[in-house]
$ cat work.tsv   # TSV, C-alpha atoms
chain	number	residue	atom	x	y	z
H	1	ASN	CA	112.87	-15.82	19.37
H	2	ALA	CA	109.53	-15.52	17.62
H	3	GLY	CA	109.98	-11.73	17.39
H	4	VAL	CA	106.73	-9.78	17.06
H	5	THR	CA	103.63	-11.88	16.52
H	6	GLN	CA	100.14	-10.72	15.61
H	7	THR	CA	96.80	-12.46	15.53
H	8	PRO	CA	94.60	-12.82	13.61
H	9	LYS	CA	96.10	-12.49	10.12
H	10	PHE	CA	92.77	-11.63	8.53
H	11	ARG	CA	89.38	-10.58	9.89
H	12	ILE	CA	86.11	-9.34	8.46
H	13	LEU	CA	83.88	-7.34	10.80
H	14	LYS	CA	80.43	-5.94	10.43
H	15	ILE	CA	79.83	-2.28	11.24
H	16	GLY	CA	79.40	-1.82	14.97
H	17	GLN	CA	81.12	-5.03	16.00
H	18	SER	CA	84.11	-4.99	18.30
H	19	MET	CA	87.33	-6.95	18.32
H	20	THR	CA	90.82	-7.06	19.76
H	21	LEU	CA	93.95	-7.34	17.67
H	22	GLN	CA	96.64	-9.18	19.57
H	23	CYS	CA	100.32	-8.30	19.55
H	24	ALA	CA	103.11	-9.96	21.49
H	25	GLN	CA	106.89	-9.74	21.47
H	26	ASP	CA	109.47	-11.93	23.18
H	27	MET	CA	112.47	-9.62	22.88
H	28	ASN	CA	111.91	-7.76	26.17
H	29	HIS	CA	111.37	-4.52	24.28
H	30	ASN	CA	109.96	-1.62	26.29
H	31	TYR	CA	108.58	0.36	23.37
H	32	MET	CA	105.62	-0.98	21.42
H	33	TYR	CA	103.58	0.62	18.65
H	34	TRP	CA	100.41	0.15	16.65
H	35	TYR	CA	100.27	1.48	13.09
H	36	ARG	CA	97.72	1.31	10.35
H	37	GLN	CA	98.77	1.15	6.72
H	38	ASP	CA	96.46	2.46	4.03
H	39	PRO	CA	97.33	2.42	0.31
H	40	GLY	CA	99.41	5.44	-0.66
H	41	MET	CA	99.38	6.77	2.89
H	42	GLY	CA	102.30	5.03	4.52
H	43	LEU	CA	102.07	4.06	8.17
H	44	LYS	CA	100.13	6.14	10.65
H	45	LEU	CA	100.76	5.76	14.37
H	46	ILE	CA	97.63	4.85	16.35
H	47	TYR	CA	98.95	4.31	19.87
H	48	TYR	CA	102.27	3.57	21.48
H	49	SER	CA	103.64	2.44	24.82
H	50	VAL	CA	106.99	3.07	26.47
H	51	GLY	CA	106.56	0.31	29.03
H	52	ALA	CA	104.07	-1.75	30.97
H	53	GLY	CA	101.27	0.42	32.32
H	54	ILE	CA	102.12	3.42	30.11
H	55	THR	CA	100.36	4.20	26.84
H	56	ASP	CA	99.87	7.32	24.75
H	57	LYS	CA	98.01	8.44	21.66
H	58	GLY	CA	99.63	8.64	18.29
H	59	GLU	CA	98.49	10.44	15.17
H	60	VAL	CA	95.17	8.61	14.56
H	61	PRO	CA	93.85	7.22	17.89
H	62	ASN	CA	90.10	7.84	17.45
H	63	GLY	CA	88.06	4.64	17.52
H	64	TYR	CA	90.80	2.59	19.17
H	65	ASN	CA	91.97	1.72	22.65
H	66	VAL	CA	95.03	-0.04	23.98
H	67	SER	CA	96.35	-1.50	27.20
H	68	ARG	CA	99.79	-2.64	28.29
H	69	SER	CA	99.58	-4.81	31.37
H	70	THR	CA	102.78	-6.72	30.59
H	71	THR	CA	106.00	-5.99	28.72
H	72	GLU	CA	105.19	-8.68	26.19
H	73	ASP	CA	101.61	-7.86	25.14
H	74	PHE	CA	100.06	-4.79	23.57
H	75	PRO	CA	96.49	-5.47	22.36
H	76	LEU	CA	94.55	-3.00	20.23
H	77	ARG	CA	90.80	-2.77	20.77
H	78	LEU	CA	88.21	-1.60	18.26
H	79	GLU	CA	84.94	-0.96	20.08
H	80	LEU	CA	82.51	0.02	17.31
H	81	ALA	CA	83.99	-0.94	13.97
H	82	ALA	CA	83.50	1.49	11.10
H	83	PRO	CA	84.32	1.12	7.38
H	84	SER	CA	87.02	3.78	7.83
H	85	GLN	CA	88.91	1.29	9.98
H	86	THR	CA	89.40	-1.07	7.06
H	87	SER	CA	93.18	-1.24	6.87
H	88	VAL	CA	96.25	-3.32	7.53
H	89	TYR	CA	97.42	-3.05	11.13
H	90	PHE	CA	101.03	-3.49	12.13
H	91	CYS	CA	102.45	-3.85	15.59
H	92	ALA	CA	106.10	-2.99	16.22
H	93	SER	CA	108.52	-2.92	19.11
H	94	ARG	CA	111.98	-1.66	19.94
H	95	LEU	CA	114.51	-1.49	22.70
H	96	THR	CA	114.69	1.73	24.69
H	97	ASP	CA	118.16	2.62	23.42
H	98	SER	CA	117.68	1.56	19.82
H	99	HIS	CA	115.54	3.29	17.23
H	100	GLU	CA	115.21	0.24	15.00
H	101	GLN	CA	111.66	-1.05	15.12
H	102	TYR	CA	110.78	-4.69	14.61
H	103	PHE	CA	107.47	-5.28	12.92
H	104	GLY	CA	104.92	-8.03	13.12
H	105	PRO	CA	103.37	-9.66	10.03
H	106	GLY	CA	100.23	-7.50	10.16
H	107	THR	CA	96.48	-8.00	10.46
H	108	ARG	CA	94.30	-7.27	7.43
H	109	LEU	CA	90.95	-5.99	8.69
H	110	THR	CA	87.88	-5.34	6.57
H	111	VAL	CA	84.80	-3.65	8.00
H	112	THR	CA	81.64	-3.97	5.93
Y	1	ALA	CA	104.61	19.98	11.10
Y	2	GLN	CA	106.77	16.88	11.02
Y	3	SER	CA	106.50	15.01	7.76
Y	4	VAL	CA	108.28	12.75	5.31
Y	5	SER	CA	107.83	13.08	1.58
Y	6	GLN	CA	108.73	10.35	-0.89
Y	7	HIS	CA	108.88	11.65	-4.41
Y	8	ASN	CA	107.76	8.61	-6.37
Y	9	HIS	CA	104.84	6.37	-5.52
Y	10	HIS	CA	105.60	3.82	-8.22
Y	11	VAL	CA	108.87	3.01	-9.98
Y	12	ILE	CA	109.39	0.39	-12.68
Y	13	LEU	CA	112.94	-0.60	-13.63
Y	14	SER	CA	114.62	-3.34	-15.61
Y	15	GLU	CA	117.15	-5.59	-13.95
Y	16	ALA	CA	120.64	-4.06	-13.73
Y	17	ALA	CA	119.27	-0.52	-13.87
Y	18	SER	CA	120.34	1.93	-11.20
Y	19	LEU	CA	117.91	3.02	-8.53
Y	20	GLU	CA	117.46	6.24	-6.64
Y	21	LEU	CA	114.42	6.84	-4.45
Y	22	GLY	CA	113.96	10.32	-3.12
Y	23	CYS	CA	113.08	11.19	0.47
Y	24	ASN	CA	112.75	14.62	2.05
Y	25	TYR	CA	111.75	15.30	5.61
Y	26	SER	CA	110.51	18.17	7.70
Y	27	TYR	CA	111.60	17.69	11.30
Y	28	GLY	CA	113.23	20.03	13.77
Y	29	GLY	CA	116.19	19.15	15.92
Y	30	THR	CA	118.44	16.14	15.76
Y	31	VAL	CA	117.09	13.41	13.50
Y	32	ASN	CA	117.49	9.70	12.97
Y	33	LEU	CA	116.69	8.48	9.47
Y	34	PHE	CA	115.62	5.07	8.23
Y	35	TRP	CA	114.69	3.14	5.15
Y	36	TYR	CA	112.42	0.16	5.69
Y	37	VAL	CA	111.49	-2.39	3.04
Y	38	GLN	CA	108.38	-4.55	2.71
Y	39	TYR	CA	108.75	-7.47	0.32
Y	40	PRO	CA	105.54	-8.94	-1.10
Y	41	GLY	CA	103.67	-10.83	1.58
Y	42	GLN	CA	106.21	-9.99	4.27
Y	43	HIS	CA	106.39	-7.49	7.08
Y	44	LEU	CA	108.51	-4.37	7.21
Y	45	GLN	CA	112.17	-4.77	7.94
Y	46	LEU	CA	114.99	-2.30	8.35
Y	47	LEU	CA	117.13	-1.71	5.26
Y	48	LEU	CA	119.47	0.90	6.70
Y	49	LYS	CA	119.64	3.73	9.20
Y	50	TYR	CA	121.50	6.95	9.89
Y	51	PHE	CA	122.05	8.28	13.39
Y	52	SER	CA	125.26	10.30	13.14
Y	53	GLY	CA	128.72	10.28	11.58
Y	54	ASP	CA	129.40	9.45	7.95
Y	55	PRO	CA	126.39	10.72	5.98
Y	56	LEU	CA	126.75	7.89	3.47
Y	57	VAL	CA	125.36	4.75	5.06
Y	58	LYS	CA	125.35	1.25	3.68
Y	59	GLY	CA	122.65	-1.28	4.34
Y	60	ILE	CA	121.77	-4.80	3.41
Y	61	LYS	CA	121.60	-6.18	-0.13
Y	62	GLY	CA	123.82	-3.48	-1.65
Y	63	PHE	CA	121.62	-0.52	-0.76
Y	64	GLU	CA	123.03	2.77	0.44
Y	65	ALA	CA	121.62	6.16	1.39
Y	66	GLU	CA	123.08	9.62	1.72
Y	67	PHE	CA	122.01	12.12	4.35
Y	68	ILE	CA	122.26	15.69	3.04
Y	69	LYS	CA	121.43	17.93	5.97
Y	70	SER	CA	121.23	21.13	3.93
Y	71	LYS	CA	118.60	19.57	1.67
Y	72	PHE	CA	116.74	17.67	4.41
Y	73	SER	CA	117.11	14.61	2.22
Y	74	PHE	CA	117.92	10.95	2.68
Y	75	ASN	CA	117.82	9.35	-0.76
Y	76	LEU	CA	118.13	5.60	-1.23
Y	77	ARG	CA	120.37	4.22	-3.97
Y	78	LYS	CA	121.42	0.93	-5.49
Y	79	PRO	CA	123.75	0.72	-8.49
Y	80	SER	CA	122.15	-2.36	-10.06
Y	81	VAL	CA	118.74	-3.67	-9.06
Y	82	GLN	CA	117.61	-7.27	-9.17
Y	83	TRP	CA	114.19	-8.80	-9.66
Y	84	SER	CA	114.24	-9.72	-5.97
Y	85	ASP	CA	114.34	-6.01	-5.04
Y	86	THR	CA	110.68	-5.73	-6.03
Y	87	ALA	CA	109.11	-4.37	-2.85
Y	88	GLU	CA	107.68	-1.27	-1.20
Y	89	TYR	CA	110.22	1.08	0.36
Y	90	PHE	CA	109.45	3.45	3.22
Y	91	CYS	CA	111.53	6.37	4.38
Y	92	ALA	CA	111.12	7.26	8.06
Y	93	VAL	CA	112.41	9.81	10.55
Y	94	ASN	CA	112.38	10.32	14.27
Y	95	GLY	CA	114.16	12.61	16.65
Y	96	ASN	CA	114.36	14.20	20.04
Y	97	THR	CA	111.76	16.90	19.38
Y	98	GLY	CA	109.04	14.38	18.55
Y	99	GLY	CA	109.52	12.14	21.53
Y	100	PHE	CA	111.17	9.68	19.16
Y	101	LYS	CA	107.85	8.75	17.55
Y	102	THR	CA	108.69	7.66	14.03
Y	103	ILE	CA	107.10	9.41	11.04
Y	104	PHE	CA	106.83	7.31	7.87
Y	105	GLY	CA	106.60	8.41	4.28
Y	106	ALA	CA	103.83	7.17	2.00
Y	107	GLY	CA	106.08	4.54	0.45
Y	108	THR	CA	107.43	3.83	-3.03
Y	109	ARG	CA	106.45	0.66	-4.82
Y	110	LEU	CA	109.36	-0.65	-6.88
Y	111	PHE	CA	108.78	-3.24	-9.58
Y	112	VAL	CA	111.84	-4.73	-11.23
Y	113	LYS	CA	111.30	-6.44	-14.56
Y	114	ALA	CA	113.33	-9.58	-15.13
$ encode --input "work.tsv" --output "structure tokens"
Amino acid sequence: NAGVTQTPKFRILKIGQSMTLQCAQDMNHNYMYWYRQDPGMGLKLIYYSVGAGITDKGEVPNGYNVSRSTTEDFPLRLELAAPSQTSVYFCASRLTDSHEQYFGPGTRLTVT
Amino acid sequence: AQSVSQHNHHVILSEAASLELGCNYSYGGTVNLFWYVQYPGQHLQLLLKYFSGDPLVKGIKGFEAEFIKSKFSFNLRKPSVQWSDTAEYFCAVNGNTGGFKTIFGAGTRLFVKA
């Protein structure tokens, strides 16, 4: 199993540009999550999904959108990039009956 | 409000020193508690977890944590650290009142001097 994969690893965006961060898992996990990690702030939940076709907002959803058309994929969309979205983004997944989350390697995004 | 507080943001220890990282949480109802570790250049991975039963839980690499319900704490310990323990450590909590969304602490960066 590849586990949780994320692409790209690094990206620099200009203000106002848009992009999609990709996340995929091959463990047949129902739950998937997007977090952002800022220095000294820990991980903040952006969006999560409990299964294909179902998504919900987390703690910091403004400026982001998600979709979950398949169990495997959970892309995160930034429509109008802002400097405040400079961060490291982690995708995670877990089985329904387990609370252990499996994390991807992260995407380091810089918006200038 | 649900929250997790980690007492130290940065800790520097020499090899063979003992480690204790503090974690307190504010969360109603039944809780599940976790410590995750992020080694340099790697992604987060689970170190140990507490769901129920014995409040002293043992994880990988000699780490352990004790759940003290009366103190809302879940401190991480290791009797003798190694240089390879240099990493960032995150305490986390979820539970039935929060829809099982996990709340993470701000993290503690541990540097172990060889």
$ residues_near_point --input "work.tsv" --point "(95.3, -17.0, 15.9)" --cutoff "12 Å" --atoms "only C-alpha atoms" --output "MDAnalysis selection string"
chainID H and resid 5:11 20:24 107
$ interface_residues --input "work.tsv" --of "chain H" --to "chain Y" --cutoff "12 Å" --atoms "only C-alpha atoms" --output "ChimeraX atom specification"
/H:3-6,9,31-50,56-59,88-94,96-108
$ atom_distance --input "work.tsv" --atom1 "CA of Ser80 in chain Y" --atom2 "CA of His7 in chain Y"
20.1 Å
$ atom_distance --input "work.tsv" --atom1 "CA of Asn65 in chain H" --atom2 "CA of Arg77 in chain H"
5.0 Å
$ atom_distance --input "work.tsv" --atom1 "CA of Ser84 in chain H" --atom2 "CA of Met19 in chain H"
15.0 Å
$ closest_residue --input "work.tsv" --among "Y:Trp35, Y:Phe74, Y:Tyr25, Y:Trp83" --to "Val112 in chain Y" --atoms "all atoms listed in the file"
Y:Trp83
$ closest_residue --input "work.tsv" --among "H:Leu95, H:Leu13, H:Val60, H:Ala2" --to "Ala82 in chain H" --atoms "all atoms listed in the file"
H:Leu13
$ closest_residue --input "work.tsv" --among "Y:Glu88, Y:Lys78, Y:Gln2, Y:Ala65" --to "Gly29 in chain Y" --atoms "only C-alpha atoms"
Y:Gln2
$ closest_residue --input "work.tsv" --among "Y:Arg77, Y:Lys61, Y:Lys113, Y:Lys69" --to "Thr30 in chain Y" --atoms "all atoms listed in the file"
Y:Lys69
$ residues_around --input "work.tsv" --residues "Gly16 in chain H" --least-positions-apart "6" --cutoff "12 Å" --atoms "only C-alpha atoms" --output "list in words"
Gly63, Leu78, Glu79, Leu80, Ala81, Ala82, Pro83, Ser84, Gln85, Val111 and Thr112 of chain H
$ closest_residue --input "work.tsv" --among "H:Gln25, H:Asn1, H:Gln17, H:Asn30" --to "Asp73 in chain H" --atoms "all atoms listed in the file"
H:Gln25
$ residues_near_point --input "work.tsv" --point "(100.7, -6.8, 30.8)" --cutoff "12 Å" --atoms "all atoms listed in the file" --output "list of chain:residue names"
H:Cys23, H:Ala24, H:Gln25, H:Asn30, H:Ser49, H:Gly51, H:Ala52, H:Gly53, H:Ile54, H:Thr55, H:Val66, H:Ser67, H:Arg68, H:Ser69, H:Thr70, H:Thr71, H:Glu72, H:Asp73, H:Phe74, H:Pro75
